[in-house]
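> So here's data_19.cif, just mmCIF, C-alpha atoms, pLDDT in the B column; chains and numbers go by the auth columns:
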```
data_final
#
loop_
_atom_site.group_PDB
_atom_site.id
_atom_site.type_symbol
_atom_site.label_atom_id
_atom_site.label_comp_id
_atom_site.label_asym_id
_atom_site.label_seq_id
_atom_site.Cartn_x
_atom_site.Cartn_y
_atom_site.Cartn_z
_atom_site.B_iso_or_equiv
_atom_site.auth_seq_id
_atom_site.auth_asym_id
ATOM 1 C CA MET A 1 0.000 0.000 0.000 91.00 81 A
ATOM 2 C CA THR A 2 1.226 3.494 -0.852 96.00 82 A
ATOM 3 C CA ILE A 3 0.668 6.617 1.232 98.00 83 A
ATOM 4 C CA SER A 4 0.583 10.352 0.483 98.00 84 A
ATOM 5 C CA ALA A 5 1.120 13.064 3.080 98.00 85 A
ATOM 6 C CA LEU A 6 -1.029 16.151 2.522 98.00 86 A
ATOM 7 C CA ILE A 7 -0.089 19.476 4.103 98.00 87 A
ATOM 8 C CA ILE A 8 -2.087 22.699 3.817 95.00 88 A
ATOM 9 C CA ALA A 9 0.138 25.683 4.617 95.00 89 A
ATOM 10 C CA ARG A 10 0.134 29.463 4.670 93.00 90 A
ATOM 11 C CA ASN A 11 3.257 31.348 5.733 93.00 91 A
ATOM 12 C CA GLU A 12 4.665 28.472 7.805 95.00 92 A
ATOM 13 C CA GLU A 13 8.395 29.007 7.211 95.00 93 A
ATOM 14 C CA ASP A 14 9.130 28.785 10.939 93.00 94 A
ATOM 15 C CA ARG A 15 7.582 25.335 11.398 93.00 95 A
ATOM 16 C CA ILE A 16 7.135 23.356 8.205 96.00 96 A
ATOM 17 C CA GLN A 17 10.743 22.105 7.941 96.00 97 A
ATOM 18 C CA LYS A 18 10.407 19.799 10.973 96.00 98 A
ATOM 19 C CA THR A 19 7.043 18.556 9.754 97.00 99 A
ATOM 20 C CA LEU A 20 8.422 17.661 6.340 98.00 100 A
ATOM 21 C CA GLU A 21 11.447 15.941 7.885 98.00 101 A
ATOM 22 C CA SER A 22 9.119 13.723 9.912 98.00 102 A
ATOM 23 C CA LEU A 23 7.421 12.475 6.721 98.00 103 A
ATOM 24 C CA ASN A 24 10.384 10.566 5.295 96.00 104 A
ATOM 25 C CA PHE A 25 8.374 7.316 5.336 97.00 105 A
ATOM 26 C CA VAL A 26 5.639 8.344 2.853 97.00 106 A
ATOM 27 C CA ASP A 27 5.606 7.727 -0.911 98.00 107 A
ATOM 28 C CA GLU A 28 4.775 11.329 -1.803 98.00 108 A
ATOM 29 C CA ILE A 29 4.268 14.682 -0.111 98.00 109 A
ATOM 30 C CA VAL A 30 1.645 17.094 -1.442 98.00 110 A
ATOM 31 C CA VAL A 31 1.838 20.706 -0.243 98.00 111 A
ATOM 32 C CA ILE A 32 -0.993 23.159 -0.841 97.00 112 A
ATOM 33 C CA LEU A 33 0.101 26.777 -0.398 96.00 113 A
ATOM 34 C CA ASP A 34 -2.778 29.125 0.286 94.00 114 A
ATOM 35 C CA ARG A 35 -1.823 32.789 -0.287 93.00 115 A
ATOM 36 C CA SER A 36 1.619 32.074 1.145 92.00 116 A
ATOM 37 C CA LYS A 37 4.173 34.890 0.826 92.00 117 A
ATOM 38 C CA ASP A 38 7.132 33.760 2.925 93.00 118 A
ATOM 39 C CA LYS A 39 9.766 31.036 2.402 96.00 119 A
ATOM 40 C CA THR A 40 7.377 28.100 2.875 96.00 120 A
ATOM 41 C CA LYS A 41 7.552 27.173 -0.819 96.00 121 A
ATOM 42 C CA ARG A 42 11.349 27.334 -0.927 96.00 122 A
ATOM 43 C CA ILE A 43 11.603 25.018 2.076 97.00 123 A
ATOM 44 C CA SER A 44 8.996 22.618 0.670 97.00 124 A
ATOM 45 C CA THR A 45 10.834 22.217 -2.638 96.00 125 A
ATOM 46 C CA LYS A 46 13.619 20.402 -0.746 96.00 126 A
ATOM 47 C CA PHE A 47 11.171 17.596 -0.007 97.00 127 A
ATOM 48 C CA THR A 48 8.668 17.453 -2.891 97.00 128 A
ATOM 49 C CA LYS A 49 7.830 18.661 -6.373 96.00 129 A
ATOM 50 C CA LYS A 50 4.102 18.373 -5.779 97.00 130 A
ATOM 51 C CA ILE A 51 3.462 21.931 -4.606 97.00 131 A
ATOM 52 C CA PHE A 52 0.277 23.740 -5.611 97.00 132 A
ATOM 53 C CA GLU A 53 -0.424 27.417 -5.010 95.00 133 A
ATOM 54 C CA GLY A 54 -3.734 29.219 -4.921 94.00 134 A
ATOM 55 C CA SER A 55 -6.173 31.321 -2.952 92.00 135 A
ATOM 56 C CA TRP A 56 -9.037 29.709 -1.052 89.00 136 A
ATOM 57 C CA GLU A 57 -11.292 31.558 1.376 84.00 137 A
ATOM 58 C CA CYS A 58 -13.074 28.287 2.134 88.00 138 A
ATOM 59 C CA GLU A 59 -11.075 25.723 4.100 89.00 139 A
ATOM 60 C CA GLY A 60 -13.270 22.858 2.921 91.00 140 A
ATOM 61 C CA LYS A 61 -12.573 23.611 -0.759 92.00 141 A
ATOM 62 C CA ARG A 62 -8.873 24.043 -0.036 93.00 142 A
ATOM 63 C CA ARG A 63 -8.635 20.642 1.624 95.00 143 A
ATOM 64 C CA ASN A 64 -10.706 18.867 -1.035 96.00 144 A
ATOM 65 C CA PHE A 65 -8.383 20.310 -3.678 96.00 145 A
ATOM 66 C CA GLY A 66 -5.404 18.896 -1.796 97.00 146 A
ATOM 67 C CA ILE A 67 -6.996 15.459 -1.533 97.00 147 A
ATOM 68 C CA SER A 68 -7.590 15.470 -5.291 97.00 148 A
ATOM 69 C CA LYS A 69 -3.859 15.961 -5.891 97.00 149 A
ATOM 70 C CA CYS A 70 -2.811 12.904 -3.855 98.00 150 A
ATOM 71 C CA SER A 71 -2.135 9.788 -5.926 97.00 151 A
ATOM 72 C CA SER A 72 -1.526 7.103 -3.271 97.00 152 A
ATOM 73 C CA ASP A 73 -3.853 4.462 -1.811 96.00 153 A
ATOM 74 C CA TRP A 74 -3.829 6.152 1.597 98.00 154 A
ATOM 75 C CA ILE A 75 -3.695 9.829 2.622 98.00 155 A
ATOM 76 C CA LEU A 76 -2.218 11.221 5.835 98.00 156 A
ATOM 77 C CA GLU A 77 -3.653 14.725 6.219 97.00 157 A
ATOM 78 C CA ILE A 78 -1.666 16.823 8.684 96.00 158 A
ATOM 79 C CA ASP A 79 -0.941 20.485 9.347 95.00 159 A
ATOM 80 C CA ALA A 80 2.348 22.342 9.084 95.00 160 A
ATOM 81 C CA ASP A 81 2.641 22.524 12.876 95.00 161 A
ATOM 82 C CA GLU A 82 2.316 18.758 13.399 97.00 162 A
ATOM 83 C CA ILE A 83 5.100 16.184 13.639 97.00 163 A
ATOM 84 C CA ILE A 84 4.906 12.426 13.127 98.00 164 A
ATOM 85 C CA ASN A 85 7.248 10.795 15.627 97.00 165 A
ATOM 86 C CA LYS A 86 9.079 7.516 14.980 96.00 166 A
ATOM 87 C CA LYS A 87 6.734 5.328 17.039 97.00 167 A
ATOM 88 C CA LEU A 88 3.695 6.695 15.220 98.00 168 A
ATOM 89 C CA THR A 89 5.479 6.212 11.892 98.00 169 A
ATOM 90 C CA LYS A 90 5.887 2.492 12.582 97.00 170 A
ATOM 91 C CA GLU A 91 2.273 2.165 13.660 97.00 171 A
ATOM 92 C CA ILE A 92 0.961 3.937 10.536 97.00 172 A
ATOM 93 C CA LYS A 93 2.979 1.651 8.264 96.00 173 A
ATOM 94 C CA ILE A 94 1.452 -1.375 9.968 95.00 174 A
ATOM 95 C CA LYS A 95 -2.118 -0.054 9.982 95.00 175 A
ATOM 96 C CA ILE A 96 -2.329 0.725 6.265 94.00 176 A
ATOM 97 C CA LYS A 97 -1.443 -2.840 5.304 92.00 177 A
ATOM 98 C CA THR A 98 -4.980 -3.980 6.108 85.00 178 A
ATOM 99 C CA ASN A 99 -7.701 -4.254 3.470 83.00 179 A
ATOM 100 C CA LYS A 100 -10.490 -4.340 6.057 90.00 180 A
ATOM 101 C CA VAL A 101 -10.766 -0.666 7.095 96.00 181 A
ATOM 102 C CA ASP A 102 -11.013 2.709 5.352 97.00 182 A
ATOM 103 C CA PHE A 103 -10.074 5.392 7.890 97.00 183 A
ATOM 104 C CA TYR A 104 -8.444 5.895 11.288 97.00 184 A
ATOM 105 C CA TYR A 105 -8.721 8.372 14.143 97.00 185 A
ATOM 106 C CA ILE A 106 -5.390 9.528 15.590 97.00 186 A
ATOM 107 C CA ASN A 107 -5.084 11.409 18.880 95.00 187 A
ATOM 108 C CA LEU A 108 -2.973 14.544 19.300 95.00 188 A
ATOM 109 C CA PHE A 109 -0.666 15.945 21.935 95.00 189 A
ATOM 110 C CA ASN A 110 -1.286 19.722 21.805 96.00 190 A
ATOM 111 C CA TYR A 111 1.572 22.015 22.817 96.00 191 A
ATOM 112 C CA ILE A 112 1.657 25.670 23.829 95.00 192 A
ATOM 113 C CA GLY A 113 5.322 26.477 23.520 93.00 193 A
ATOM 114 C CA LYS A 114 7.101 23.464 24.980 91.00 194 A
ATOM 115 C CA LYS A 115 4.292 22.672 27.411 93.00 195 A
ATOM 116 C CA LYS A 116 2.173 19.650 26.569 94.00 196 A
ATOM 117 C CA ILE A 117 -1.503 20.356 27.274 94.00 197 A
ATOM 118 C CA ILE A 118 -3.385 17.061 27.257 91.00 198 A
ATOM 119 C CA ASN A 119 -6.753 17.913 28.807 92.00 199 A
ATOM 120 C CA GLY A 120 -9.544 20.420 28.204 92.00 200 A
ATOM 121 C CA TRP A 121 -9.386 20.953 24.470 92.00 201 A
ATOM 122 C CA MET A 122 -12.457 21.499 22.310 89.00 202 A
ATOM 123 C CA ALA A 123 -12.468 21.563 18.516 86.00 203 A
ATOM 124 C CA CYS A 124 -12.929 25.345 18.275 89.00 204 A
ATOM 125 C CA LEU A 125 -9.349 25.821 19.510 90.00 205 A
ATOM 126 C CA ALA A 126 -7.631 22.497 18.920 89.00 206 A
ATOM 127 C CA PRO A 127 -8.982 18.960 18.691 86.00 207 A
ATOM 128 C CA ASP A 128 -7.556 16.198 20.856 88.00 208 A
ATOM 129 C CA GLY A 129 -7.659 13.923 17.813 93.00 209 A
ATOM 130 C CA LYS A 130 -8.876 13.696 14.230 94.00 210 A
ATOM 131 C CA PHE A 131 -9.697 11.371 11.335 96.00 211 A
ATOM 132 C CA CYS A 132 -6.562 12.190 9.372 97.00 212 A
ATOM 133 C CA LEU A 133 -5.536 8.790 7.932 98.00 213 A
ATOM 134 C CA PHE A 134 -7.870 7.473 5.260 98.00 214 A
ATOM 135 C CA ARG A 135 -8.090 5.737 1.910 97.00 215 A
ATOM 136 C CA LYS A 136 -8.427 8.085 -1.026 96.00 216 A
ATOM 137 C CA GLY A 137 -12.090 8.605 -1.824 95.00 217 A
ATOM 138 C CA LYS A 138 -13.247 7.915 1.735 97.00 218 A
ATOM 139 C CA LYS A 139 -13.158 11.464 3.121 97.00 219 A
ATOM 140 C CA SER A 140 -14.492 14.767 1.796 96.00 220 A
ATOM 141 C CA TRP A 141 -14.777 18.187 3.398 95.00 221 A
ATOM 142 C CA VAL A 142 -17.864 20.398 3.640 91.00 222 A
ATOM 143 C CA ASN A 143 -17.650 24.114 2.879 83.00 223 A
ATOM 144 C CA GLY A 144 -16.584 26.320 5.769 81.00 224 A
ATOM 145 C CA SER A 145 -13.974 28.985 6.557 79.00 225 A
ATOM 146 C CA VAL A 146 -12.580 27.387 9.737 80.00 226 A
ATOM 147 C CA HIS A 147 -12.835 23.876 11.233 81.00 227 A
ATOM 148 C CA PRO A 148 -15.460 22.733 8.699 85.00 228 A
ATOM 149 C CA ASN A 149 -17.276 19.431 8.927 89.00 229 A
ATOM 150 C CA TYR A 150 -16.392 16.446 6.771 93.00 230 A
ATOM 151 C CA ASN A 151 -17.912 13.224 5.517 96.00 231 A
ATOM 152 C CA LEU A 152 -16.414 9.753 5.966 97.00 232 A
ATOM 153 C CA ASN A 153 -17.572 6.561 4.345 96.00 233 A
ATOM 154 C CA GLY A 154 -16.434 3.017 4.936 96.00 234 A
ATOM 155 C CA ILE A 155 -15.186 1.119 7.976 96.00 235 A
ATOM 156 C CA LYS A 156 -13.389 2.749 10.906 96.00 236 A
ATOM 157 C CA GLY A 157 -10.108 1.197 12.017 95.00 237 A
ATOM 158 C CA ASP A 158 -9.079 0.389 15.568 93.00 238 A
ATOM 159 C CA HIS A 159 -7.425 2.738 18.054 90.00 239 A
ATOM 160 C CA PHE A 160 -3.926 4.155 17.565 96.00 240 A
ATOM 161 C CA LYS A 161 -1.595 3.809 20.543 96.00 241 A
ATOM 162 C CA ASN A 162 0.662 6.695 19.506 97.00 242 A
ATOM 163 C CA ARG A 163 -0.180 10.356 18.927 97.00 243 A
ATOM 164 C CA ILE A 164 0.681 13.237 16.609 97.00 244 A
ATOM 165 C CA ASP A 165 2.714 16.019 18.230 97.00 245 A
ATOM 166 C CA HIS A 166 0.828 19.252 17.498 96.00 246 A
ATOM 167 C CA TYR A 167 2.827 22.416 18.195 95.00 247 A
ATOM 168 C CA MET A 168 -0.216 24.623 17.787 92.00 248 A
ATOM 169 C CA SER A 169 0.906 27.837 19.515 94.00 249 A
ATOM 170 C CA LYS A 170 4.315 29.315 20.236 92.00 250 A
ATOM 171 C CA ASN A 171 3.041 30.930 23.441 95.00 251 A
ATOM 172 C CA LEU A 172 -0.140 32.275 25.047 95.00 252 A
ATOM 173 C CA SER A 173 -0.091 35.393 22.851 96.00 253 A
ATOM 174 C CA ASP A 174 -0.075 33.183 19.774 94.00 254 A
ATOM 175 C CA LEU A 175 -2.998 31.185 21.191 96.00 255 A
ATOM 176 C CA LEU A 176 -5.012 34.389 21.665 96.00 256 A
ATOM 177 C CA GLN A 177 -4.191 35.533 18.131 95.00 257 A
ATOM 178 C CA LYS A 178 -5.501 32.241 16.766 93.00 258 A
ATOM 179 C CA PHE A 179 -8.638 32.614 18.851 96.00 259 A
ATOM 180 C CA ASN A 180 -9.192 36.056 17.348 95.00 260 A
ATOM 181 C CA ARG A 181 -8.577 34.801 13.813 92.00 261 A
ATOM 182 C CA ASN A 182 -10.813 31.733 14.146 92.00 262 A
ATOM 183 C CA THR A 183 -13.720 33.637 15.676 94.00 263 A
ATOM 184 C CA SER A 184 -13.508 36.122 12.809 92.00 264 A
ATOM 185 C CA LEU A 185 -13.603 33.332 10.239 89.00 265 A
ATOM 186 C CA TYR A 186 -16.500 31.603 11.977 89.00 266 A
ATOM 187 C CA ALA A 187 -18.333 34.936 12.138 90.00 267 A
ATOM 188 C CA ARG A 188 -18.034 35.218 8.383 86.00 268 A
ATOM 189 C CA ASP A 189 -19.638 31.797 7.955 84.00 269 A
ATOM 190 C CA LEU A 190 -22.454 32.774 10.312 86.00 270 A
ATOM 191 C CA LYS A 191 -23.097 35.926 8.324 81.00 271 A
ATOM 192 C CA LEU A 192 -23.041 34.169 4.944 76.00 272 A
ATOM 193 C CA GLU A 193 -25.285 31.345 6.109 71.00 273 A
ATOM 194 C CA LYS A 194 -27.672 33.785 7.827 66.00 274 A
ATOM 195 C CA ASN A 195 -27.899 31.472 10.824 64.00 275 A
ATOM 196 C CA LYS A 196 -30.140 32.281 13.744 67.00 276 A
ATOM 197 C CA LEU A 197 -27.761 33.762 16.299 73.00 277 A
ATOM 198 C CA ASN A 198 -29.955 33.844 19.407 73.00 278 A
ATOM 199 C CA ARG A 199 -28.774 30.417 20.547 78.00 279 A
ATOM 200 C CA LEU A 200 -25.148 31.613 20.450 80.00 280 A
ATOM 201 C CA PHE A 201 -25.855 34.469 22.867 80.00 281 A
ATOM 202 C CA SER A 202 -27.054 32.077 25.571 84.00 282 A
ATOM 203 C CA LEU A 203 -25.338 32.570 28.936 87.00 283 A
ATOM 204 C CA ARG A 204 -26.264 29.006 29.843 89.00 284 A
ATOM 205 C CA LYS A 205 -24.339 27.804 26.791 90.00 285 A
ATOM 206 C CA ILE A 206 -21.262 29.744 27.889 93.00 286 A
ATOM 207 C CA PHE A 207 -21.281 28.079 31.310 94.00 287 A
ATOM 208 C CA SER A 208 -22.014 24.625 29.893 95.00 288 A
ATOM 209 C CA ARG A 209 -19.124 24.881 27.443 94.00 289 A
ATOM 210 C CA PHE A 210 -16.767 25.966 30.229 96.00 290 A
ATOM 211 C CA PHE A 211 -17.920 23.052 32.376 96.00 291 A
ATOM 212 C CA LYS A 212 -17.321 20.659 29.490 95.00 292 A
ATOM 213 C CA SER A 213 -13.784 21.910 28.855 95.00 293 A
ATOM 214 C CA PHE A 214 -12.589 22.582 32.405 96.00 294 A
ATOM 215 C CA ILE A 215 -14.413 19.828 34.318 96.00 295 A
ATOM 216 C CA SER A 216 -15.639 17.053 31.991 95.00 296 A
ATOM 217 C CA ARG A 217 -12.484 17.140 29.859 92.00 297 A
ATOM 218 C CA ARG A 218 -10.317 17.714 32.944 93.00 298 A
ATOM 219 C CA GLY A 219 -8.822 21.015 31.866 94.00 299 A
ATOM 220 C CA PHE A 220 -8.294 21.759 35.577 95.00 300 A
ATOM 221 C CA ARG A 221 -5.331 19.380 35.463 94.00 301 A
ATOM 222 C CA SER A 222 -3.449 21.994 33.410 92.00 302 A
ATOM 223 C CA GLY A 223 -3.873 24.732 36.015 92.00 303 A
ATOM 224 C CA GLY A 224 -4.077 28.327 34.807 94.00 304 A
ATOM 225 C CA ILE A 225 -3.626 27.416 31.146 95.00 305 A
ATOM 226 C CA GLY A 226 -6.452 24.904 31.477 95.00 306 A
ATOM 227 C CA PHE A 227 -8.688 27.647 32.883 97.00 307 A
ATOM 228 C CA LEU A 228 -7.794 29.959 29.977 96.00 308 A
ATOM 229 C CA ILE A 229 -8.527 27.220 27.431 96.00 309 A
ATOM 230 C CA GLY A 230 -11.879 26.539 29.098 96.00 310 A
ATOM 231 C CA PHE A 231 -12.747 30.224 29.095 97.00 311 A
ATOM 232 C CA LEU A 232 -11.845 30.697 25.427 97.00 312 A
ATOM 233 C CA CYS A 233 -13.811 27.594 24.439 95.00 313 A
ATOM 234 C CA SER A 234 -16.823 28.833 26.405 96.00 314 A
ATOM 235 C CA ILE A 235 -16.999 32.263 24.745 95.00 315 A
ATOM 236 C CA TYR A 236 -15.978 31.128 21.242 94.00 316 A
ATOM 237 C CA PRO A 237 -19.514 31.004 19.728 92.00 317 A
ATOM 238 C CA PHE A 238 -20.549 34.122 21.688 93.00 318 A
ATOM 239 C CA ILE A 239 -17.654 36.226 20.338 94.00 319 A
ATOM 240 C CA SER A 240 -18.179 34.848 16.819 92.00 320 A
ATOM 241 C CA ALA A 241 -21.850 35.827 16.935 90.00 321 A
ATOM 242 C CA ILE A 242 -20.989 39.369 18.046 90.00 322 A
ATOM 243 C CA LYS A 243 -18.438 39.699 15.223 92.00 323 A
ATOM 244 C CA SER A 244 -20.988 38.444 12.682 88.00 324 A
ATOM 245 C CA LYS A 245 -23.163 41.485 13.459 83.00 325 A
ATOM 246 C CA GLU A 246 -20.355 43.932 12.709 81.00 326 A
ATOM 247 C CA ASP A 247 -20.509 45.833 9.416 64.00 327 A
#
```
Show the structure stored in the file as structure tokens.


Amino acid sequence: MTISALIIARNEEDRIQKTLESLNFVDEIVVILDRSKDKTKRISTKFTKKIFEGSWECEGKRRNFGISKCSSDWILEIDADEIINKKLTKEIKIKIKTNKVDFYYINLFNYIGKKKIINGWMACLAPDGKFCLFRKGKKSWVNGSVHPNYNLNGIKGDHFKNRIDHYMSKNLSDLLQKFNRNTSLYARDLKLEKNKLNRLFSLRKIFSRFFKSFISRRGFRSGGIGFLIGFLCSIYPFISAIKSKED
């Protein structure tokens, strides 16, 4: 079985080198550059010739385009701030040998700086795992500017023992910048889709989301950072709804 690694990147010159180096076990690397203006392309050319440039406002369309450019039996879809360690590499190579399943869910270790934050995450900031290993033709993305939904078809594989290392934020300031960016993108989707926003202004929803992140998902184990993550997750839809009403 062959495998393609798919990376979607925009101005990732500071991080993409280590990601590409960790993909030395795949048959091809496909890099999709979305409005990238830094040295990301120059770095990527050291590892692959399959580099495609363009401009996509919609993340779902951008990712579907990338999938269409992969030619292998299996696709490993990762981001430019994620690294596949050696133990996970071995496990992936074993898993794709089967003919009985069509996609796998792989957990993540999310990092802020050098600090590993295991608990408390919700998808609006960073997932604690994702369906990122799949046969070509078994996954497609739905339109959306940030964290869109996707469709899977086929049989789910068993659990992975090892995780992807996700260096999502350089520090707390970077985390807050991403929160600001993602709420702005989600606000644009809300405005375009003309969704009813009343449910997003619910105070009860804010408290329930905080409880889910900080208590149910054990964000309290990460101390002050866990509290901040819970707070940001709780107000994410509220802030997005406010932004969607801006002119």

> To one decimal place in Å, what is the distance between atom CA of Phe307 of chain A and atom CA of Leu283 of chain A?

17.8 Å

> Pick from A:Ser302, A:Ser152, A:Thr82, A:Asn242: nearest to Lys177 of chain A, with only C-alpha atoms counted?

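Of all the options, A:Thr82 lies closest to Lys177 of chain A.
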
> Run the PyMOL selection byres ((chain A and resi 100) around 12) on the file and write out the hits as a ChimeraX atom specification.

/A:85-89,92-93,95-99,101-106,108-111,120-121,123-128,158-165

> Given the file above and the PyMOL selection byres ((chain A and resi 228) around 12), which residues are selected, and can you give them as a CSV table (one decimal) with C-alpha atoms, keeping the file's coordinate frame?


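Result file part.csv:
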```
chain,number,residue,atom,x,y,z
A,138,CYS,CA,-13.1,28.3,2.1
A,139,GLU,CA,-11.1,25.7,4.1
A,140,GLY,CA,-13.3,22.9,2.9
A,141,LYS,CA,-12.6,23.6,-0.8
A,142,ARG,CA,-8.9,24.0,0.0
A,143,ARG,CA,-8.6,20.6,1.6
A,144,ASN,CA,-10.7,18.9,-1.0
A,203,ALA,CA,-12.5,21.6,18.5
A,204,CYS,CA,-12.9,25.3,18.3
A,220,SER,CA,-14.5,14.8,1.8
A,221,TRP,CA,-14.8,18.2,3.4
A,222,VAL,CA,-17.9,20.4,3.6
A,223,ASN,CA,-17.6,24.1,2.9
A,224,GLY,CA,-16.6,26.3,5.8
A,225,SER,CA,-14.0,29.0,6.6
A,226,VAL,CA,-12.6,27.4,9.7
A,227,HIS,CA,-12.8,23.9,11.2
A,229,ASN,CA,-17.3,19.4,8.9
A,230,TYR,CA,-16.4,16.4,6.8
A,231,ASN,CA,-17.9,13.2,5.5
A,262,ASN,CA,-10.8,31.7,14.1
A,265,LEU,CA,-13.6,33.3,10.2
A,266,TYR,CA,-16.5,31.6,12.0
A,269,ASP,CA,-19.6,31.8,8.0
```

> Between A:Ile319, A:Asn190, A:Lys166, A:Asp118, single out the one closest to Ile286 of chain A, counting all atoms listed in the file.

A:Ile319

> Which residue out of A:Gly237, A:Gly304, A:Pro207, A:Pro317 has the minimum interatomic distance to Ile172 of chain A when only C-alpha atoms are used?

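Closest to Ile172 of chain A, using only C-alpha atoms: A:Gly237.
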
> Which polymer residues, whether protein, DNA or RNA, lie within 8 Å of the coordinate (-3.7, 9.9, 20.0) when you count only C-alpha atoms? List them as a list of chain:residue names, using the chain letters and numbers from the file.

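Residues lying no farther than 8 Å from the given point: A:Tyr185, A:Ile186, A:Asn187, A:Leu188, A:Phe189, A:Asp208, A:Gly209, A:Phe240, A:Lys241, A:Asn242, A:Arg243, A:Ile244.
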
> Based on the selection just made, write C-alpha atoms of those residues as an mmCIF file, in the frame of the given file.


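Listed below is the output, out37.cif:
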```
data_model
loop_
_atom_site.group_PDB
_atom_site.id
_atom_site.type_symbol
_atom_site.label_atom_id
_atom_site.label_comp_id
_atom_site.auth_asym_id
_atom_site.auth_seq_id
_atom_site.Cartn_x
_atom_site.Cartn_y
_atom_site.Cartn_z
ATOM 1 C CA TYR A 185 -8.721 8.372 14.143
ATOM 2 C CA ILE A 186 -5.390 9.528 15.590
ATOM 3 C CA ASN A 187 -5.084 11.409 18.880
ATOM 4 C CA LEU A 188 -2.973 14.544 19.300
ATOM 5 C CA PHE A 189 -0.666 15.945 21.935
ATOM 6 C CA ASP A 208 -7.556 16.198 20.856
ATOM 7 C CA GLY A 209 -7.659 13.923 17.813
ATOM 8 C CA PHE A 240 -3.926 4.155 17.565
ATOM 9 C CA LYS A 241 -1.595 3.809 20.543
ATOM 10 C CA ASN A 242 0.662 6.695 19.506
ATOM 11 C CA ARG A 243 -0.180 10.356 18.927
ATOM 12 C CA ILE A 244 0.681 13.237 16.609
#
```

> Evaluate the PyMOL selection byres ((chain A and resi 154) around 7) on the structure here and hand back the selected residues as a PDB file with C-alpha atoms, in the frame of the given file.


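Below is the file part-v1.pdb, written as the result:
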```
ATOM      1  CA  THR A  82       1.226   3.494  -0.852  1.00 96.00           C
ATOM      2  CA  ILE A  83       0.668   6.617   1.232  1.00 98.00           C
ATOM      3  CA  SER A  84       0.583  10.352   0.483  1.00 98.00           C
ATOM      4  CA  SER A 152      -1.526   7.103  -3.271  1.00 97.00           C
ATOM      5  CA  ASP A 153      -3.853   4.462  -1.811  1.00 96.00           C
ATOM      6  CA  ILE A 155      -3.695   9.829   2.622  1.00 98.00           C
ATOM      7  CA  LEU A 156      -2.218  11.221   5.835  1.00 98.00           C
ATOM      8  CA  PHE A 214      -7.870   7.473   5.260  1.00 98.00           C
ATOM      9  CA  ARG A 215      -8.090   5.737   1.910  1.00 97.00           C
ATOM     10  CA  LYS A 216      -8.427   8.085  -1.026  1.00 96.00           C
TER      11      LYS A 216
END
```

> At a cut-off of 7 Å, using all atoms listed in the file, what residues contact Phe290 of chain A? Leave out same-chain residues fewer than 5 positions from it and give the result as a ChimeraX atom specification.

/A:310-311,313-314

> When you count all atoms listed in the file, which of these residues is closest to Asn179 of chain A: A:Tyr191, A:Glu273, A:Ile235, A:Met202?

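Counting all atoms listed in the file, the residue closest to Asn179 of chain A is A:Ile235.
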
> Which centre and which edge lengths, in Å to one decimal, describe the axis-aligned box that holds all listed atoms of segment 91-108 of chain A after 5 Å is added on each side, as JSON?


```
{"center_x": 7.4, "center_y": 19.3, "center_z": 4.8, "size_x": 18.2, "size_y": 34.0, "size_z": 23.2}
```

> Can you patch up segment 148-159 of chain A, filling it in to N, CA and C atoms, and show the result as a compact mmCIF listing (two decimals), keeping the file's coordinate frame?


```txt
# COMPACT_ATOMS: atom_id res chain seq x y z
N SER A 148 -7.53 15.83 -3.87
CA SER A 148 -7.59 15.47 -5.29
C SER A 148 -6.21 15.35 -5.93
N LYS A 149 -5.21 15.99 -5.34
CA LYS A 149 -3.86 15.96 -5.89
C LYS A 149 -3.02 14.80 -5.36
N CYS A 150 -3.53 14.06 -4.41
CA CYS A 150 -2.81 12.90 -3.86
C CYS A 150 -3.06 11.68 -4.72
N SER A 151 -2.02 10.91 -5.00
CA SER A 151 -2.13 9.79 -5.93
C SER A 151 -1.99 8.42 -5.27
N SER A 152 -1.76 8.38 -3.96
CA SER A 152 -1.53 7.10 -3.27
C SER A 152 -2.82 6.45 -2.80
N ASP A 153 -2.69 5.20 -2.33
CA ASP A 153 -3.85 4.46 -1.81
C ASP A 153 -4.39 5.10 -0.53
N TRP A 154 -3.48 5.55 0.32
CA TRP A 154 -3.83 6.15 1.60
C TRP A 154 -3.36 7.61 1.64
N ILE A 155 -4.06 8.43 2.44
CA ILE A 155 -3.70 9.83 2.62
C ILE A 155 -3.55 10.11 4.11
N LEU A 156 -2.44 10.73 4.49
CA LEU A 156 -2.22 11.22 5.84
C LEU A 156 -2.31 12.74 5.77
N GLU A 157 -3.38 13.29 6.31
CA GLU A 157 -3.65 14.72 6.22
C GLU A 157 -3.23 15.40 7.53
N ILE A 158 -2.15 16.17 7.47
CA ILE A 158 -1.67 16.82 8.68
C ILE A 158 -1.43 18.31 8.40
N ASP A 159 -1.20 19.06 9.47
CA ASP A 159 -0.94 20.48 9.35
C ASP A 159 0.55 20.77 9.48
```
